[in-house]
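Shown below: entry_11.cif, with mmCIF, C-alpha atoms and all ligand atoms.
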```
data_entry
loop_
_atom_site.label_atom_id
_atom_site.label_comp_id
_atom_site.auth_asym_id
_atom_site.auth_seq_id
_atom_site.Cartn_x
_atom_site.Cartn_y
_atom_site.Cartn_z
CA MET A 1 -26.96 -37.46 0.64
CA LYS A 2 -26.67 -38.02 4.39
CA VAL A 3 -26.54 -35.66 7.35
CA SER A 4 -23.05 -35.32 8.86
CA GLU A 5 -22.06 -34.04 12.28
CA GLY A 6 -21.64 -30.25 12.54
CA GLU A 7 -23.98 -29.54 9.59
CA GLU A 8 -27.09 -27.42 9.81
CA VAL A 9 -30.36 -29.07 8.88
CA LEU A 10 -33.82 -27.69 8.27
CA LEU A 11 -36.35 -29.53 10.43
CA TYR A 12 -39.70 -29.12 8.69
CA VAL A 13 -42.65 -29.78 11.00
CA ASP A 14 -45.31 -27.90 9.01
CA GLU A 15 -45.79 -24.67 7.02
CA ARG A 16 -45.38 -22.50 10.11
CA ARG A 17 -42.80 -24.56 12.00
CA LYS A 18 -39.43 -24.83 10.23
CA TYR A 19 -36.22 -24.89 12.26
CA LEU A 20 -32.68 -24.26 11.03
CA LEU A 21 -30.52 -26.13 13.55
CA ARG A 22 -26.95 -27.41 13.87
CA VAL A 23 -26.49 -31.13 14.48
CA GLU A 24 -23.94 -31.86 17.23
CA LYS A 25 -23.32 -35.30 18.73
CA GLY A 26 -24.79 -35.76 22.23
CA LYS A 27 -26.97 -32.64 21.99
CA TYR A 28 -30.75 -32.32 21.65
CA LEU A 29 -32.65 -30.18 19.14
CA SER A 30 -35.87 -28.60 20.42
CA THR A 31 -39.00 -27.77 18.42
CA ASP A 32 -42.66 -27.01 19.24
CA LYS A 33 -43.29 -30.70 18.67
CA GLY A 34 -40.72 -31.83 21.18
CA LYS A 35 -37.05 -32.80 21.26
CA VAL A 36 -34.81 -35.14 19.32
CA LYS A 37 -31.26 -36.29 20.03
CA CYS A 38 -28.82 -35.21 17.28
CA ASP A 39 -27.32 -38.73 17.23
CA GLU A 40 -30.61 -39.92 15.67
CA ILE A 41 -30.24 -37.41 12.81
CA ILE A 42 -26.55 -37.97 11.99
CA GLY A 43 -26.32 -40.44 9.10
CA LEU A 44 -29.97 -40.01 8.02
CA GLU A 45 -30.71 -39.43 4.33
CA TYR A 46 -31.95 -35.89 3.65
CA GLY A 47 -35.70 -36.05 3.11
CA SER A 48 -36.16 -38.65 5.86
CA ARG A 49 -39.06 -38.50 8.27
CA LEU A 50 -38.00 -38.13 11.87
CA LYS A 51 -39.87 -38.93 15.10
CA LEU A 52 -39.91 -36.09 17.67
CA SER A 53 -41.11 -36.59 21.27
CA LYS A 54 -44.51 -34.98 20.41
CA GLY A 55 -44.75 -35.26 16.63
CA GLU A 56 -42.79 -35.65 13.39
CA ALA A 57 -40.54 -33.60 11.11
CA TYR A 58 -38.75 -33.95 7.79
CA VAL A 59 -34.98 -33.50 7.67
CA LEU A 60 -34.22 -31.11 4.79
CA ARG A 61 -30.94 -29.79 3.41
CA PRO A 62 -30.84 -25.98 3.90
CA THR A 63 -30.40 -23.60 0.97
CA VAL A 64 -29.36 -19.93 0.99
CA ALA A 65 -33.08 -19.02 1.10
CA ASP A 66 -33.42 -20.85 4.43
CA LEU A 67 -31.25 -18.14 6.00
CA TYR A 68 -34.55 -16.21 6.16
CA ARG A 69 -35.70 -18.69 8.80
CA GLY A 70 -32.70 -18.77 11.09
CA GLY A 71 -30.18 -16.03 10.24
CA LEU A 72 -29.21 -12.96 12.26
CA ARG A 73 -31.02 -9.84 11.01
CA PRO A 74 -29.69 -6.65 12.60
CA SER A 75 -30.67 -4.66 9.47
CA GLN A 76 -33.64 -4.74 7.12
CA VAL A 77 -32.87 -7.49 4.60
CA ILE A 78 -33.70 -7.85 0.91
CA TYR A 79 -36.44 -10.41 0.27
CA PRO A 80 -36.01 -13.39 -2.09
CA LYS A 81 -38.36 -11.98 -4.75
CA ASP A 82 -36.20 -8.85 -5.10
CA VAL A 83 -32.87 -10.70 -4.72
CA SER A 84 -33.70 -13.19 -7.46
CA TYR A 85 -34.87 -10.50 -9.90
CA MET A 86 -31.79 -8.33 -9.30
CA ILE A 87 -29.44 -11.27 -9.76
CA PHE A 88 -31.17 -12.56 -12.90
CA TYR A 89 -31.05 -9.17 -14.63
CA SER A 90 -27.41 -8.58 -13.63
CA GLY A 91 -26.28 -11.56 -15.71
CA ILE A 92 -23.81 -12.73 -13.05
CA GLY A 93 -22.92 -16.39 -12.69
CA PRO A 94 -20.02 -18.68 -11.79
CA GLY A 95 -16.74 -16.75 -11.94
CA SER A 96 -18.26 -13.26 -11.77
CA LYS A 97 -16.61 -10.47 -9.82
CA VAL A 98 -19.21 -8.46 -7.92
CA VAL A 99 -19.26 -5.43 -5.61
CA GLU A 100 -22.03 -4.84 -3.08
CA ALA A 101 -22.95 -2.15 -0.50
CA GLY A 102 -24.05 -2.15 2.24
CA THR A 103 -23.44 -5.58 3.61
CA GLY A 104 -26.12 -5.19 6.32
CA SER A 105 -27.12 -8.64 7.58
CA GLY A 106 -25.43 -10.24 4.57
CA TYR A 107 -28.55 -11.78 3.01
CA LEU A 108 -27.92 -10.36 -0.46
CA THR A 109 -24.21 -11.09 0.07
CA ALA A 110 -25.00 -14.76 0.68
CA ALA A 111 -27.15 -14.99 -2.45
CA LEU A 112 -24.43 -13.34 -4.55
CA ALA A 113 -21.77 -15.64 -3.08
CA HIS A 114 -23.94 -18.64 -3.90
CA PHE A 115 -24.26 -17.64 -7.56
CA VAL A 116 -20.64 -16.55 -8.27
CA GLY A 117 -19.33 -19.96 -7.15
CA ASP A 118 -15.82 -20.80 -5.99
CA GLU A 119 -14.22 -19.08 -9.01
CA GLY A 120 -16.05 -15.80 -8.41
CA LYS A 121 -15.75 -13.16 -5.69
CA VAL A 122 -18.05 -10.78 -3.85
CA TYR A 123 -16.53 -7.59 -2.39
CA SER A 124 -19.03 -6.35 0.17
CA TYR A 125 -18.69 -2.86 1.68
CA ASP A 126 -20.30 -1.45 4.80
CA VAL A 127 -19.58 1.61 6.91
CA ARG A 128 -20.43 -0.36 10.08
CA ASP A 129 -18.23 -3.00 11.70
CA ASP A 130 -21.07 -4.46 13.78
CA MET A 131 -23.11 -5.18 10.62
CA GLN A 132 -20.21 -6.99 9.01
CA ARG A 133 -19.55 -9.09 12.12
CA ASN A 134 -23.13 -10.40 11.99
CA ALA A 135 -22.98 -10.88 8.23
CA GLU A 136 -19.77 -12.88 8.68
CA LYS A 137 -21.62 -15.24 11.07
CA ASN A 138 -24.44 -15.71 8.53
CA LEU A 139 -21.93 -16.40 5.74
CA ARG A 140 -19.96 -18.88 7.87
CA ARG A 141 -23.17 -20.66 8.70
CA LEU A 142 -23.78 -21.17 4.97
CA LYS A 143 -20.10 -22.06 4.30
CA LEU A 144 -19.82 -19.12 1.88
CA SER A 145 -17.27 -16.89 3.67
CA HIS A 146 -14.42 -17.89 1.37
CA ARG A 147 -16.23 -16.35 -1.62
CA VAL A 148 -16.68 -12.96 0.09
CA GLU A 149 -14.30 -10.19 1.10
CA LEU A 150 -15.96 -7.96 3.68
CA LYS A 151 -14.62 -4.42 3.36
CA ARG A 152 -15.14 -1.60 5.82
CA GLY A 153 -15.71 1.57 3.78
CA ASP A 154 -18.03 4.18 2.34
CA VAL A 155 -18.74 3.45 -1.33
CA ARG A 156 -19.64 7.11 -1.90
CA GLU A 157 -15.94 7.82 -1.39
CA GLU A 158 -14.25 4.85 -3.05
CA ILE A 159 -14.61 1.36 -4.44
CA THR A 160 -11.11 -0.04 -4.99
CA GLU A 161 -12.01 -2.96 -7.29
CA ARG A 162 -11.84 -2.53 -11.06
CA GLU A 163 -13.43 -4.28 -14.07
CA VAL A 164 -16.23 -5.74 -11.97
CA ASP A 165 -19.13 -7.47 -13.71
CA ALA A 166 -21.88 -6.02 -11.55
CA VAL A 167 -22.53 -3.72 -8.60
CA PHE A 168 -25.45 -4.11 -6.16
CA LEU A 169 -26.46 -1.24 -3.87
CA ASP A 170 -28.83 -1.41 -0.90
CA MET A 171 -28.10 1.82 0.99
CA PRO A 172 -29.99 5.05 1.71
CA ASP A 173 -28.46 7.33 -0.98
CA PRO A 174 -27.19 5.21 -3.89
CA TRP A 175 -27.18 8.23 -6.25
CA ASN A 176 -24.21 9.58 -4.27
CA ALA A 177 -22.18 6.44 -5.03
CA LEU A 178 -22.52 6.49 -8.84
CA LYS A 179 -19.09 8.01 -9.42
CA SER A 180 -17.29 5.18 -7.54
CA VAL A 181 -19.59 2.61 -9.13
CA ARG A 182 -18.72 3.77 -12.64
CA VAL A 183 -14.99 3.60 -11.90
CA ALA A 184 -15.34 0.02 -10.61
CA LEU A 185 -17.66 -1.36 -13.30
CA LYS A 186 -16.63 -2.90 -16.62
CA PRO A 187 -18.08 -1.17 -19.68
CA SER A 188 -21.61 -2.54 -20.11
CA GLY A 189 -21.50 -3.84 -16.50
CA HIS A 190 -24.74 -3.89 -14.53
CA LEU A 191 -25.83 -1.77 -11.60
CA SER A 192 -28.76 -3.07 -9.50
CA VAL A 193 -30.15 -0.84 -6.79
CA PHE A 194 -32.71 -1.64 -4.10
CA VAL A 195 -34.51 1.25 -2.35
CA PRO A 196 -37.62 1.30 -0.15
CA THR A 197 -39.26 4.60 -1.25
CA LEU A 198 -40.34 6.22 -4.53
CA ARG A 199 -38.37 9.38 -3.81
CA GLN A 200 -35.21 7.26 -3.75
CA VAL A 201 -36.27 5.61 -7.03
CA GLU A 202 -36.61 8.98 -8.71
CA LEU A 203 -33.30 10.33 -7.42
CA THR A 204 -31.45 7.13 -8.35
CA TYR A 205 -32.97 6.65 -11.79
CA LEU A 206 -32.49 10.26 -12.88
CA ALA A 207 -28.92 10.39 -11.53
CA MET A 208 -28.09 7.14 -13.38
CA GLY A 209 -29.43 8.67 -16.59
CA ARG A 210 -27.19 11.71 -16.13
CA THR A 211 -24.02 9.75 -15.30
CA GLY A 212 -23.64 7.26 -18.14
CA PHE A 213 -26.02 4.39 -17.44
CA THR A 214 -28.45 3.10 -20.05
CA ASP A 215 -31.11 0.40 -20.41
CA LEU A 216 -32.63 1.85 -17.23
CA ARG A 217 -35.69 0.44 -15.58
CA ALA A 218 -37.44 0.78 -12.24
CA ASP A 219 -39.66 -2.03 -10.99
CA GLN A 220 -41.81 -3.02 -8.09
CA LEU A 221 -42.28 -6.75 -7.63
CA ILE A 222 -45.49 -7.89 -6.05
CA LEU A 223 -45.61 -11.38 -4.64
CA MET A 224 -48.93 -12.89 -3.67
CA GLU A 225 -48.73 -16.13 -1.71
CA ILE A 226 -51.56 -18.57 -2.25
CA ARG A 227 -53.26 -20.52 0.51
CA VAL A 228 -54.18 -23.90 -0.95
CA LYS A 229 -57.23 -25.63 0.53
CA GLU A 230 -59.73 -27.80 -1.30
CA ASN A 231 -62.51 -25.61 -2.78
CA ALA A 232 -61.04 -22.56 -0.96
CA THR A 233 -57.75 -21.81 -2.74
CA ARG A 234 -57.11 -18.05 -2.77
CA PRO A 235 -54.41 -15.46 -1.96
CA LYS A 236 -53.41 -15.31 1.70
CA ASN A 237 -54.88 -12.32 3.50
CA VAL A 238 -51.73 -11.53 5.48
CA GLY A 239 -48.17 -11.18 4.20
CA VAL A 240 -45.40 -8.74 3.41
CA MET A 241 -47.17 -6.06 1.35
CA HIS A 242 -44.25 -3.78 0.58
CA THR A 243 -40.52 -4.41 0.43
CA GLY A 244 -39.08 -1.83 -1.96
CA TYR A 245 -38.19 -1.01 -5.56
CA VAL A 246 -35.46 -2.19 -7.89
CA VAL A 247 -33.64 0.19 -10.24
CA LEU A 248 -31.46 -1.35 -12.95
CA GLY A 249 -29.03 -0.01 -15.54
CA ARG A 250 -25.82 -0.68 -17.49
CA LYS A 251 -22.68 1.39 -17.68
CA VAL A 252 -22.01 3.05 -21.06
CA GLN A 253 -19.77 5.76 -22.34
CA ALA A 254 -21.15 8.98 -20.79
CA ASP A 255 -22.54 11.59 -23.19
CA ILE A 256 -21.20 14.62 -21.40
CA SER A 257 -22.64 16.98 -24.02
CA ALA A 258 -26.21 16.07 -22.98
CA PRO A 259 -27.99 18.69 -20.82
CA GLY A 260 -27.62 17.91 -17.10
CA SER A 261 -25.01 15.20 -17.70
CA ILE A 262 -22.12 14.81 -15.30
CA GLU A 263 -18.67 13.54 -16.23
CA VAL A 264 -17.50 10.85 -13.83
C1 LIG B 301 -30.59 -2.11 4.54
S1 LIG B 301 -28.97 -2.56 4.99
C2 LIG B 301 -28.46 -3.71 3.75
C3 LIG B 301 -29.11 -5.07 3.90
C4 LIG B 301 -28.53 -6.14 3.03
N1 LIG B 301 -28.72 -5.86 1.63
C5 LIG B 301 -29.12 -7.48 3.37
O1 LIG B 301 -29.87 -8.07 2.54
O2 LIG B 301 -28.84 -8.02 4.46
C6 LIG B 301 -28.06 -1.10 4.54
C7 LIG B 301 -26.61 -1.13 4.97
O3 LIG B 301 -25.91 -0.15 4.22
C8 LIG B 301 -24.86 0.38 5.03
N2 LIG B 301 -24.46 1.65 4.41
C9 LIG B 301 -25.16 2.82 4.42
N3 LIG B 301 -24.50 3.75 3.71
C10 LIG B 301 -23.38 3.17 3.22
C11 LIG B 301 -22.30 3.62 2.41
N4 LIG B 301 -22.26 4.88 1.97
N5 LIG B 301 -21.29 2.74 2.09
C12 LIG B 301 -21.33 1.47 2.55
N6 LIG B 301 -22.34 0.99 3.33
C13 LIG B 301 -23.35 1.81 3.66
C14 LIG B 301 -25.50 0.46 6.41
O4 LIG B 301 -24.53 0.51 7.44
C15 LIG B 301 -26.36 -0.81 6.44
O5 LIG B 301 -25.67 -1.87 7.06
#
```
The structure in this file should be written as structure tokens.
Amino acid sequence: MKVSEGEEVLLYVDERRKYLLRVEKGKYLSTDKGKVKCDEIIGLEYGSRLKLSKGEAYVLRPTVADLYRGGLRPSQVIYPKDVSYMIFYSGIGPGSKVVEAGTGSGYLTAALAHFVGDEGKVYSYDVRDDMQRNAEKNLRRLKLSHRVELKRGDVREEITEREVDAVFLDMPDPWNALKSVRVALKPSGHLSVFVPTLRQVELTYLAMGRTGFTDLRADQLILMEIRVKENATRPKNVGVMHTGYVVLGRKVQADISAPGSIEV
């Protein structure tokens, strides 16, 4: 596969220098290892080695994960380790109908849009216009906008979609949105919640248990990156130590006779 004009490419210089850049005829791309004219990149096979004025780079085809290198991030974003776990457990795939809140920078939105394919749809809610404008730019950059409907709204008040396969929440008080989530979800549909503190885990998990969700679990995923060096391979001593927690569950018929249960 060859690089075409207008596409974004990932210029890989080394582990610490990776650049997500758009290739436009007549323009130059700049890196720490010097410049290169876009005309030299257009038509190259992905994976090719490229000469820069002060070094070399590989021309790689960007994936959704590469958004973490070059995307706009006005809000805290969910990291790949948490995104991948939430998506795997949710069971979504091509053709799935998914609701998400809040949109934030649109990183989780982009991952969801990638997995639901052209036959699926992601309805992404946020209370803030400015967040959605940035998310829209990130989605356009990845050519995923057509799979997403950005909706301005508070999911604690209403989610208008029905029979959705899964709901993903990354917002401060997800326990206050469970009523709308239940109305939107298909029976047995999955709810995946991401929260940064243990107090939020407790409030979310217990509220899900009281409002007709089962198969509950709360997890913390710890990722340790390894520095590989001959005779000195070991975990890196710097990295992201804490991201947050994931709470998962599936919608079932609510047992409103149970103590503390709430009918929604
Ligand atoms: C941490 S950010 C989400 C980041 C996003 N998951 C990502 O990976 O880019 C939280 C977002 O939730 C939005 N939000 C907070 N409460 C909300 C609510 N009740 N309904 C919809 N959006 C909400 C905020 O405006 C904010 O943009």
At a cut-off of 6 Å, using only C-alpha atoms, what residues contact Pro62 of chain A? Leave out same-chain residues fewer than 3 positions from it and give the result as a ChimeraX atom specification. /A:9-10,66
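Atom O1 of ligand LIG 301 (chain B) to atom CA of Gly106 of chain A spans 5.3 Å [interatomic distance, one decimal].
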Given 8 Å and all atoms listed in the file, residues near ligand LIG 301 (chain B) as a short mmCIF file (atom, residue, chain, number, x, y, z; two decimals) with C-alpha atoms, in the frame of the given file:
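Result file out_30.cif:
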```
data_model
loop_
_atom_site.label_atom_id
_atom_site.label_comp_id
_atom_site.auth_asym_id
_atom_site.auth_seq_id
_atom_site.Cartn_x
_atom_site.Cartn_y
_atom_site.Cartn_z
CA ARG A 73 -31.02 -9.84 11.01
CA SER A 75 -30.67 -4.66 9.47
CA GLN A 76 -33.64 -4.74 7.12
CA VAL A 77 -32.87 -7.49 4.60
CA ILE A 78 -33.70 -7.85 0.91
CA TYR A 79 -36.44 -10.41 0.27
CA ALA A 101 -22.95 -2.15 -0.50
CA GLY A 102 -24.05 -2.15 2.24
CA THR A 103 -23.44 -5.58 3.61
CA GLY A 104 -26.12 -5.19 6.32
CA SER A 105 -27.12 -8.64 7.58
CA GLY A 106 -25.43 -10.24 4.57
CA TYR A 107 -28.55 -11.78 3.01
CA LEU A 108 -27.92 -10.36 -0.46
CA THR A 109 -24.21 -11.09 0.07
CA TYR A 125 -18.69 -2.86 1.68
CA ASP A 126 -20.30 -1.45 4.80
CA VAL A 127 -19.58 1.61 6.91
CA ARG A 128 -20.43 -0.36 10.08
CA MET A 131 -23.11 -5.18 10.62
CA GLN A 132 -20.21 -6.99 9.01
CA ALA A 135 -22.98 -10.88 8.23
CA ARG A 152 -15.14 -1.60 5.82
CA GLY A 153 -15.71 1.57 3.78
CA ASP A 154 -18.03 4.18 2.34
CA VAL A 155 -18.74 3.45 -1.33
CA ARG A 156 -19.64 7.11 -1.90
CA GLU A 157 -15.94 7.82 -1.39
CA LEU A 169 -26.46 -1.24 -3.87
CA ASP A 170 -28.83 -1.41 -0.90
CA MET A 171 -28.10 1.82 0.99
CA PRO A 172 -29.99 5.05 1.71
CA ASP A 173 -28.46 7.33 -0.98
CA PRO A 174 -27.19 5.21 -3.89
CA ALA A 177 -22.18 6.44 -5.03
#
```
The residues within 12 Å of (-17.7, -18.9, 2.8), using all atoms listed in the file and the coordinates of the file, should be reported as a compact mmCIF listing (two decimals) with C-alpha atoms, in the frame of the given file; which are they?
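out19.txt, freshly written:
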```txt
# COMPACT_ATOMS: atom_id res chain seq x y z
CA VAL A 64 -29.36 -19.93 0.99
CA GLY A 106 -25.43 -10.24 4.57
CA THR A 109 -24.21 -11.09 0.07
CA ALA A 110 -25.00 -14.76 0.68
CA ALA A 111 -27.15 -14.99 -2.45
CA LEU A 112 -24.43 -13.34 -4.55
CA ALA A 113 -21.77 -15.64 -3.08
CA HIS A 114 -23.94 -18.64 -3.90
CA VAL A 116 -20.64 -16.55 -8.27
CA GLY A 117 -19.33 -19.96 -7.15
CA ASP A 118 -15.82 -20.80 -5.99
CA GLY A 120 -16.05 -15.80 -8.41
CA LYS A 121 -15.75 -13.16 -5.69
CA VAL A 122 -18.05 -10.78 -3.85
CA ALA A 135 -22.98 -10.88 8.23
CA GLU A 136 -19.77 -12.88 8.68
CA LYS A 137 -21.62 -15.24 11.07
CA ASN A 138 -24.44 -15.71 8.53
CA LEU A 139 -21.93 -16.40 5.74
CA ARG A 140 -19.96 -18.88 7.87
CA ARG A 141 -23.17 -20.66 8.70
CA LEU A 142 -23.78 -21.17 4.97
CA LYS A 143 -20.10 -22.06 4.30
CA LEU A 144 -19.82 -19.12 1.88
CA SER A 145 -17.27 -16.89 3.67
CA HIS A 146 -14.42 -17.89 1.37
CA ARG A 147 -16.23 -16.35 -1.62
CA VAL A 148 -16.68 -12.96 0.09
CA GLU A 149 -14.30 -10.19 1.10
CA LEU A 150 -15.96 -7.96 3.68
```
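Of the listed residues (A:Asn237, A:Ser124, A:Thr197, A:Thr211), A:Ser124 comes nearest to Phe168 of chain A; the distances count only C-alpha atoms.
Note that atom CA of Trp175 of chain A and atom CA of Gln253 of chain A are 17.9 Å apart.
With all atoms listed in the file as the atoms that count, the residue of A:Val240, A:Met86, A:Ile42, A:Val252 with the shortest distance to Ser188 of chain A is A:Val252.
With all atoms listed in the file as the atoms that count, the residue of A:Val3, A:Val183, A:Val83, A:Val238 with the shortest distance to Cys38 of chain A is A:Val3.
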Around all listed atoms of segment 135-142 of chain A, padded 5 Å per side, what centre and edge lengths does the axis-aligned box have in Å to one decimal, as AutoDock Vina command-line options?
```
--center_x -22.1 --center_y -16.0 --center_z 8.0 --size_x 14.7 --size_y 20.3 --size_z 16.1
```
